[in-house]
Each structure stands twice: as C-alpha cells, then as structure tokens.
file my_file.cif (mmCIF, C-alpha atoms)
data_input
loop_
_atom_site.label_atom_id
_atom_site.label_comp_id
_atom_site.auth_asym_id
_atom_site.auth_seq_id
_atom_site.Cartn_x
_atom_site.Cartn_y
_atom_site.Cartn_z
CA MET G 1 -121.94 -4.02 -98.76
CA ARG G 2 -119.38 -6.17 -96.98
CA SER G 3 -119.32 -3.70 -94.10
CA ARG G 4 -123.11 -3.90 -93.72
CA LEU G 5 -123.02 -7.71 -93.76
CA LYS G 6 -120.27 -7.70 -91.15
CA ASN G 7 -122.24 -5.34 -88.92
CA PHE G 8 -125.37 -7.48 -89.33
CA SER G 9 -123.39 -10.60 -88.40
CA ASN G 10 -121.96 -8.90 -85.31
CA GLN G 11 -125.42 -7.77 -84.22
CA ASN G 12 -126.72 -11.33 -84.58
CA LYS G 13 -123.87 -12.61 -82.41
CA ILE G 14 -124.65 -10.01 -79.75
CA VAL G 15 -128.36 -10.93 -79.74
CA LYS G 16 -127.53 -14.64 -79.58
CA THR G 17 -125.12 -14.10 -76.67
CA HIS G 18 -127.72 -12.00 -74.84
CA VAL G 19 -130.37 -14.74 -75.25
CA GLU G 20 -127.95 -17.45 -74.10
CA ASN G 21 -126.99 -15.40 -71.04
CA ASN G 22 -130.66 -14.89 -70.16
CA GLN G 23 -131.29 -18.62 -70.50
CA LEU G 24 -128.30 -19.38 -68.27
CA VAL G 25 -129.57 -16.99 -65.60
CA ALA G 26 -133.06 -18.53 -65.80
CA ASN G 27 -131.64 -22.06 -65.50
CA ASN G 28 -129.54 -21.07 -62.49
CA GLN G 29 -132.56 -19.50 -60.83
CA LEU G 30 -134.59 -22.66 -61.49
CA VAL G 31 -131.89 -24.85 -59.95
CA GLU G 32 -131.40 -22.60 -56.91
CA SER G 33 -135.13 -22.44 -56.24
CA ALA G 34 -135.45 -26.23 -56.56
CA VAL G 35 -132.47 -26.82 -54.27
CA LYS G 36 -133.96 -24.63 -51.52
CA GLU G 37 -137.30 -26.43 -51.73
CA ALA G 38 -135.70 -29.88 -51.75
CA ILE G 39 -133.45 -29.11 -48.76
CA LYS G 40 -136.46 -27.93 -46.76
CA VAL G 41 -138.21 -31.25 -47.41
CA LEU G 42 -135.11 -33.35 -46.72
CA SER G 43 -134.48 -31.52 -43.45
CA SER G 44 -138.01 -32.30 -42.26
CA GLY G 45 -137.65 -36.02 -42.96
CA GLY G 46 -139.51 -35.98 -46.26
CA VAL G 47 -138.98 -37.86 -49.51
CA ILE G 48 -138.00 -36.16 -52.76
CA LEU G 49 -138.32 -37.33 -56.36
CA TYR G 50 -135.38 -36.00 -58.34
CA PRO G 51 -133.10 -36.54 -61.35
CA THR G 52 -129.59 -37.86 -60.75
CA ASP G 53 -126.56 -38.42 -62.94
CA THR G 54 -128.11 -41.77 -63.94
CA VAL G 55 -131.91 -42.15 -63.65
CA TRP G 56 -134.74 -40.52 -61.69
CA GLY G 57 -134.58 -41.43 -58.03
CA LEU G 58 -136.35 -41.27 -54.71
CA GLY G 59 -134.25 -39.58 -52.06
CA CYS G 60 -134.17 -38.65 -48.40
CA ASP G 61 -131.74 -37.78 -45.63
CA ALA G 62 -129.44 -40.82 -45.51
CA THR G 63 -128.94 -40.36 -41.76
CA ASN G 64 -132.67 -40.40 -40.94
CA ARG G 65 -134.02 -43.91 -40.29
CA GLU G 66 -137.69 -42.90 -40.43
CA ALA G 67 -137.21 -41.15 -43.77
CA VAL G 68 -135.50 -44.24 -45.19
CA GLU G 69 -138.46 -46.34 -44.01
CA LYS G 70 -140.78 -44.11 -46.05
CA ILE G 71 -138.81 -44.88 -49.21
CA PHE G 72 -138.99 -48.63 -48.60
CA GLY G 73 -142.72 -48.21 -48.17
CA ILE G 74 -143.17 -46.19 -51.37
CA LYS G 75 -141.17 -48.71 -53.40
CA LYS G 76 -142.77 -51.70 -51.62
CA ARG G 77 -139.27 -53.01 -51.19
CA ALA G 78 -137.97 -55.26 -48.43
CA GLU G 79 -135.75 -53.46 -45.91
CA SER G 80 -133.27 -56.33 -46.17
CA LYS G 81 -132.13 -54.78 -49.47
CA SER G 82 -129.67 -51.93 -49.01
CA LEU G 83 -129.85 -48.55 -50.75
CA ILE G 84 -127.39 -46.31 -52.60
CA ILE G 85 -126.37 -42.92 -51.22
CA LEU G 86 -125.03 -39.89 -53.07
CA VAL G 87 -122.15 -37.87 -51.60
CA LYS G 88 -120.86 -34.55 -52.90
CA ASP G 89 -117.19 -35.50 -53.04
CA GLU G 90 -114.42 -37.54 -51.45
CA ASN G 91 -114.38 -35.27 -48.40
CA MET G 92 -118.01 -36.16 -47.65
CA LEU G 93 -117.40 -39.81 -48.48
CA VAL G 94 -114.69 -40.32 -45.84
CA ARG G 95 -117.04 -39.03 -43.12
CA TYR G 96 -119.43 -41.93 -43.69
CA VAL G 97 -117.05 -44.81 -44.42
CA LYS G 98 -114.74 -46.00 -41.66
CA GLU G 99 -111.83 -46.67 -43.98
CA VAL G 100 -111.93 -45.98 -47.72
CA PRO G 101 -109.66 -48.45 -49.58
CA GLU G 102 -106.92 -46.64 -51.52
CA VAL G 103 -108.02 -48.29 -54.77
CA ALA G 104 -111.34 -46.45 -54.49
CA PHE G 105 -109.68 -43.08 -55.08
CA GLN G 106 -107.93 -44.48 -58.14
CA LEU G 107 -111.20 -45.82 -59.55
CA LEU G 108 -112.99 -42.52 -58.92
CA GLU G 109 -110.24 -40.62 -60.70
CA ILE G 110 -110.35 -42.69 -63.89
CA ALA G 111 -114.13 -43.33 -64.09
CA ASP G 112 -115.66 -41.61 -67.12
CA THR G 113 -119.21 -42.85 -66.51
CA PRO G 114 -121.31 -42.95 -63.30
CA LEU G 115 -119.72 -45.38 -60.85
CA THR G 116 -121.24 -46.65 -57.61
CA ILE G 117 -118.78 -48.23 -55.18
CA ILE G 118 -119.76 -50.50 -52.30
CA TYR G 119 -117.52 -49.68 -49.32
CA PRO G 120 -116.95 -51.74 -46.18
CA GLY G 121 -117.62 -50.17 -42.78
CA ALA G 122 -120.42 -47.63 -43.13
CA VAL G 123 -120.68 -45.14 -40.24
CA SER G 124 -123.11 -42.41 -39.11
CA LEU G 125 -125.82 -43.50 -41.56
CA ALA G 126 -129.37 -44.77 -41.02
CA SER G 127 -128.99 -48.42 -40.03
CA ASN G 128 -131.77 -49.57 -42.36
CA LEU G 129 -129.96 -48.48 -45.51
CA VAL G 130 -126.72 -50.26 -44.62
CA ALA G 131 -126.21 -53.81 -45.93
CA PRO G 132 -126.16 -56.75 -43.46
CA ASP G 133 -122.36 -56.95 -43.81
CA GLY G 134 -122.03 -53.30 -42.75
CA SER G 135 -121.20 -52.00 -46.22
CA VAL G 136 -122.76 -49.07 -48.07
CA ALA G 137 -123.04 -48.24 -51.76
CA ALA G 138 -122.10 -44.65 -52.55
CA ARG G 139 -121.66 -42.51 -55.65
CA ILE G 140 -120.32 -39.03 -56.37
CA PRO G 141 -122.75 -37.67 -59.00
CA HIS G 142 -121.43 -35.41 -61.74
CA HIS G 143 -124.76 -33.69 -62.21
CA PRO G 144 -125.42 -29.96 -61.67
CA PHE G 145 -128.61 -30.27 -59.63
CA CYS G 146 -127.29 -33.12 -57.46
CA GLN G 147 -124.05 -31.29 -56.76
CA ARG G 148 -125.85 -28.11 -55.72
CA LEU G 149 -128.28 -30.11 -53.58
CA LEU G 150 -125.54 -32.06 -51.79
CA SER G 151 -123.51 -28.91 -51.30
CA GLY G 152 -126.46 -27.17 -49.67
CA PHE G 153 -127.73 -30.12 -47.61
CA ARG G 154 -124.23 -31.10 -46.43
CA LYS G 155 -125.21 -34.70 -45.80
CA PRO G 156 -125.56 -37.82 -47.97
CA ILE G 157 -128.86 -38.32 -49.77
CA VAL G 158 -130.46 -41.67 -50.58
CA SER G 159 -130.73 -42.44 -54.30
CA THR G 160 -132.88 -45.38 -55.31
CA SER G 161 -134.65 -45.73 -58.65
CA ALA G 162 -138.10 -44.11 -58.76
CA ASN G 163 -140.15 -47.25 -59.32
CA ILE G 164 -142.07 -49.92 -57.46
CA ALA G 165 -139.76 -52.84 -56.68
CA GLY G 166 -139.60 -55.13 -59.70
CA ALA G 167 -140.99 -52.56 -62.16
CA ALA G 168 -139.02 -50.94 -64.97
CA THR G 169 -136.59 -48.18 -64.00
CA PRO G 170 -137.68 -44.77 -65.40
CA SER G 171 -135.04 -42.96 -67.46
CA LEU G 172 -137.22 -39.89 -68.04
CA PHE G 173 -139.73 -38.07 -65.87
CA GLU G 174 -142.57 -38.99 -68.23
CA GLU G 175 -141.90 -42.68 -67.50
CA ILE G 176 -142.42 -42.42 -63.73
CA ASP G 177 -145.48 -44.15 -62.28
CA GLN G 178 -148.08 -41.67 -61.03
CA ASN G 179 -148.26 -43.52 -57.71
CA ILE G 180 -144.58 -42.77 -57.14
CA ILE G 181 -145.06 -39.09 -58.01
CA SER G 182 -148.02 -38.78 -55.66
CA ALA G 183 -146.16 -40.47 -52.80
CA ALA G 184 -143.20 -38.07 -52.85
CA ASP G 185 -143.25 -34.97 -50.63
CA TRP G 186 -141.47 -32.91 -53.27
CA VAL G 187 -141.05 -33.46 -57.02
CA ALA G 188 -138.33 -31.85 -59.14
CA GLY G 189 -139.20 -30.26 -62.46
CA TRP G 190 -138.50 -32.38 -65.52
CA GLN G 191 -136.19 -29.62 -66.82
CA LEU G 192 -133.61 -30.60 -64.20
CA GLU G 193 -133.00 -34.03 -65.73
CA GLU G 194 -130.56 -32.50 -68.23
CA GLY G 195 -127.19 -34.14 -67.67
CA SER G 196 -128.61 -37.53 -66.68
CA THR G 197 -127.46 -40.58 -68.64
CA GLY G 198 -130.82 -42.36 -68.33
CA LYS G 199 -128.96 -45.57 -67.48
CA PRO G 200 -128.09 -47.25 -64.15
CA SER G 201 -124.51 -46.84 -62.98
CA SER G 202 -121.78 -49.46 -62.91
CA ILE G 203 -121.33 -51.03 -59.46
CA ILE G 204 -118.08 -52.27 -57.94
CA LYS G 205 -117.64 -53.75 -54.47
CA LEU G 206 -114.37 -53.21 -52.61
CA GLY G 207 -112.80 -55.07 -49.71
CA LEU G 208 -110.58 -53.53 -47.03
CA ARG G 209 -107.53 -55.15 -48.62
CA GLY G 210 -108.33 -53.76 -52.03
CA GLU G 211 -110.31 -56.73 -53.35
CA VAL G 212 -112.44 -55.70 -56.32
CA GLU G 213 -115.70 -57.39 -57.34
CA ILE G 214 -117.72 -56.19 -60.34
CA ILE G 215 -121.42 -56.28 -59.43
CA ARG G 216 -122.79 -54.49 -62.52
CA LYS G 217 -120.90 -53.32 -65.59
#

call {"tool": "encode", "arguments": {"input": "my_file.cif", "output": "structure tokens"}}
result
Amino acid sequence: MRSRLKNFSNQNKIVKTHVENNQLVANNQLVESAVKEAIKVLSSGGVILYPTDTVWGLGCDATNREAVEKIFGIKKRAESKSLIILVKDENMLVRYVKEVPEVAFQLLEIADTPLTIIYPGAVSLASNLVAPDGSVAARIPHHPFCQRLLSGFRKPIVSTSANIAGAATPSLFEEIDQNIISAADWVAGWQLEEGSTGKPSSIIKLGLRGEVEIIRK
C-alpha cells in the first residue's frame, strides 16, 4: 500500500513538473514575441505601452526627438518637464551620462526597491527629454520583459506613466485610459505586468561632487 502511494506521489510530481515546464516555455515564447514586436515599433519611431518594474508606461526610443514629442502629445504634457529613461545596466548607463558620480554605483548596489537616479550631464539623448539643467533621470529595471527589451533594442527607452498629465497613475493594465491605449502604436499584453510593483519608484538626484537630494521616497 505504501509503495502504491509513493508511486502515485511520484507520478503527481512528474505531471506537476511537466505542466510547470510547459508554462515556462509558453511564458518565454510570449515574452520573446512581444519583445520582437516592440523593438520593431521602437526602431520605426513609434510609441509603445508596456509594463515596467513599477507601473505601466509609455515608451519610445530615448534618442529619437520626434518619438519623444509623440509621448508629450499623448500625455498632453508640457515639454518643459523631463522624462525618465530605462537602461539595461550600468554599462548602458555610462554611455548616456557624461560622468556618473561614484555614489550612484553604491546606491544601485544596495537598492532593494526600484530606484530612479537623476544624473548630471546627459549625452547622446533626445534633447527634449533632458531637463533644463542638462540632467536626466534613469533607472535600471529589474523586470523580465524590460530587461529582454532593453537587451534587444540596445538603447535607452523612455518610461513615463501611462496617463494623461494630472490623472491618476495606472498600476494595472485594466486601469489605463482607453485614449492612452488607442494612441500607442503597440500595446503589451497584460500578462507581462507580472513582476511590477504597481508603485512609482523612489527618486534621488545626484550632483557631480556626490551631493544627494531625495526627490521622492
């Protein structure tokens, strides 16, 4: 009797593992397909609606001025307000910031929640997403879809909340205004939001001499 129960338990484990493996393969295929579609749109100067490590965002090629203008138009936001960019890692970050303060690397290493850092001296980015003082806000997202997307696109991507300026920030896909969805050139599936916190990131501004200013906790 014990032998039969043991065999039944082992069979259940095998079936469960097989199902989990199939789900993993399906999820990977979903992500890969979405990444290819999103990159095609980004490369043509389009706007994507996608989940990030924090909330749903509108994104575009951060080096394309015309694409950035489209996002300001969709959000009905003044171009005088700068935008956040996502970078894959520190290696990508240093290509778009003239000089990354040493304290930034320390902060990135100890951060256990999404952290956006405002860096002085932005370079090689669309001029209309850079702040008047020449700084840029950037974040390294610990989110599977974002990481795959940034790895494939190989350039920074704009990340601004998917809402009309002044409206509530959507944490979930179901909360996004239909006008925003319709305005985007490509929309990610809601399944890809897994791994998002649903909350805006903390924001810290750094000076060249290591000055630290907390903008949002």

call {"tool": "resolve_selection", "arguments": {"input": "my_file.cif", "expression": "the PyMOL selection byres ((chain G and resi 154) around 12)", "output": "ChimeraX atom specification"}}
result
/G:39,42-43,61-63,86-89,91-93,95,146-153,155-157

call {"tool": "closest_residue", "arguments": {"input": "my_file.cif", "among": "G:Ser196, G:Ser33, G:Ser135, G:Ser171", "to": "Lys81 in chain G", "atoms": "all atoms listed in the file"}}
result
G:Ser135

call {"tool": "closest_atom_pairs", "arguments": {"input": "my_file.cif", "of": "range 110-209 of chain G", "to": "range 67-75 of chain G", "cutoff": "12 Å", "atoms": "all atoms listed in the file", "output": "JSON lines"}}
result
{"residue": "G:Leu125", "atom": "CA", "partner": "G:Val68", "partner_atom": "CA", "distance": 10.4}
{"residue": "G:Ala126", "atom": "CA", "partner": "G:Val68", "partner_atom": "CA", "distance": 7.4}
{"residue": "G:Ser127", "atom": "CA", "partner": "G:Val68", "partner_atom": "CA", "distance": 9.3}
{"residue": "G:Asn128", "atom": "CA", "partner": "G:Val68", "partner_atom": "CA", "distance": 7.1}
{"residue": "G:Leu129", "atom": "CA", "partner": "G:Val68", "partner_atom": "CA", "distance": 7.0}
{"residue": "G:Val130", "atom": "CA", "partner": "G:Val68", "partner_atom": "CA", "distance": 10.7}
{"residue": "G:Ile157", "atom": "CA", "partner": "G:Val68", "partner_atom": "CA", "distance": 10.0}
{"residue": "G:Val158", "atom": "CA", "partner": "G:Val68", "partner_atom": "CA", "distance": 7.8}
{"residue": "G:Ser159", "atom": "CA", "partner": "G:Ile71", "partner_atom": "CA", "distance": 9.9}
{"residue": "G:Thr160", "atom": "CA", "partner": "G:Ile71", "partner_atom": "CA", "distance": 8.5}
{"residue": "G:Ser161", "atom": "CA", "partner": "G:Lys75", "partner_atom": "CA", "distance": 8.9}
{"residue": "G:Ala162", "atom": "CA", "partner": "G:Lys75", "partner_atom": "CA", "distance": 7.7}
{"residue": "G:Asn163", "atom": "CA", "partner": "G:Lys75", "partner_atom": "CA", "distance": 6.2}
{"residue": "G:Ile164", "atom": "CA", "partner": "G:Lys75", "partner_atom": "CA", "distance": 4.3}
{"residue": "G:Ala165", "atom": "CA", "partner": "G:Lys75", "partner_atom": "CA", "distance": 5.5}
{"residue": "G:Gly166", "atom": "CA", "partner": "G:Lys75", "partner_atom": "CA", "distance": 9.1}
{"residue": "G:Ala167", "atom": "CA", "partner": "G:Lys75", "partner_atom": "CA", "distance": 9.6}
{"residue": "G:Ala168", "atom": "CA", "partner": "G:Lys75", "partner_atom": "CA", "distance": 12.0}
{"residue": "G:Thr169", "atom": "CA", "partner": "G:Lys75", "partner_atom": "CA", "distance": 11.6}
{"residue": "G:Asp177", "atom": "CA", "partner": "G:Lys75", "partner_atom": "CA", "distance": 10.9}
{"residue": "G:Gln178", "atom": "CA", "partner": "G:Ile74", "partner_atom": "CA", "distance": 11.7}
{"residue": "G:Asn179", "atom": "CA", "partner": "G:Ile74", "partner_atom": "CA", "distance": 8.6}
{"residue": "G:Ile180", "atom": "CA", "partner": "G:Ile74", "partner_atom": "CA", "distance": 6.9}
{"residue": "G:Ile181", "atom": "CA", "partner": "G:Ile74", "partner_atom": "CA", "distance": 9.9}
{"residue": "G:Ser182", "atom": "CA", "partner": "G:Ile74", "partner_atom": "CA", "distance": 9.8}
{"residue": "G:Ala183", "atom": "CA", "partner": "G:Ile74", "partner_atom": "CA", "distance": 6.6}
{"residue": "G:Ala184", "atom": "CA", "partner": "G:Ile74", "partner_atom": "CA", "distance": 8.3}
{"residue": "G:Asp185", "atom": "CA", "partner": "G:Lys70", "partner_atom": "CA", "distance": 10.5}

call {"tool": "residues_around", "arguments": {"input": "my_file.cif", "residues": "range 203-205 of chain G", "least_positions_apart": "6", "cutoff": "9 Å", "atoms": "all atoms listed in the file", "output": "VMD selection string"}}
result
chain G and resid 114 to 120 137 211 to 217

call {"tool": "closest_residue", "arguments": {"input": "my_file.cif", "among": "G:Gln29, G:Gln106, G:Ala188, G:Thr54", "to": "Val41 in chain G", "atoms": "only C-alpha atoms"}}
result
G:Ala188

call {"tool": "closest_residue", "arguments": {"input": "my_file.cif", "among": "G:Val103, G:Ile85, G:Ile110, G:Val97", "to": "Ile140 in chain G", "atoms": "all atoms listed in the file"}}
result
G:Ile85

call {"tool": "atom_distance", "arguments": {"input": "my_file.cif", "atom1": "CA of Glu66 in chain G", "atom2": "CA of Glu37 in chain G"}}
result
20.0 Å

call {"tool": "resolve_selection", "arguments": {"input": "my_file.cif", "expression": "the PyMOL selection byres ((chain G and resi 121) around 9)", "output": "VMD selection string"}}
result
chain G and resid 96 to 100 119 to 120 122 to 123 133 to 136 208

call {"tool": "atom_distance", "arguments": {"input": "my_file.cif", "atom1": "CA of Ile84 in chain G", "atom2": "CA of Leu172 in chain G"}}
result
19.4 Å
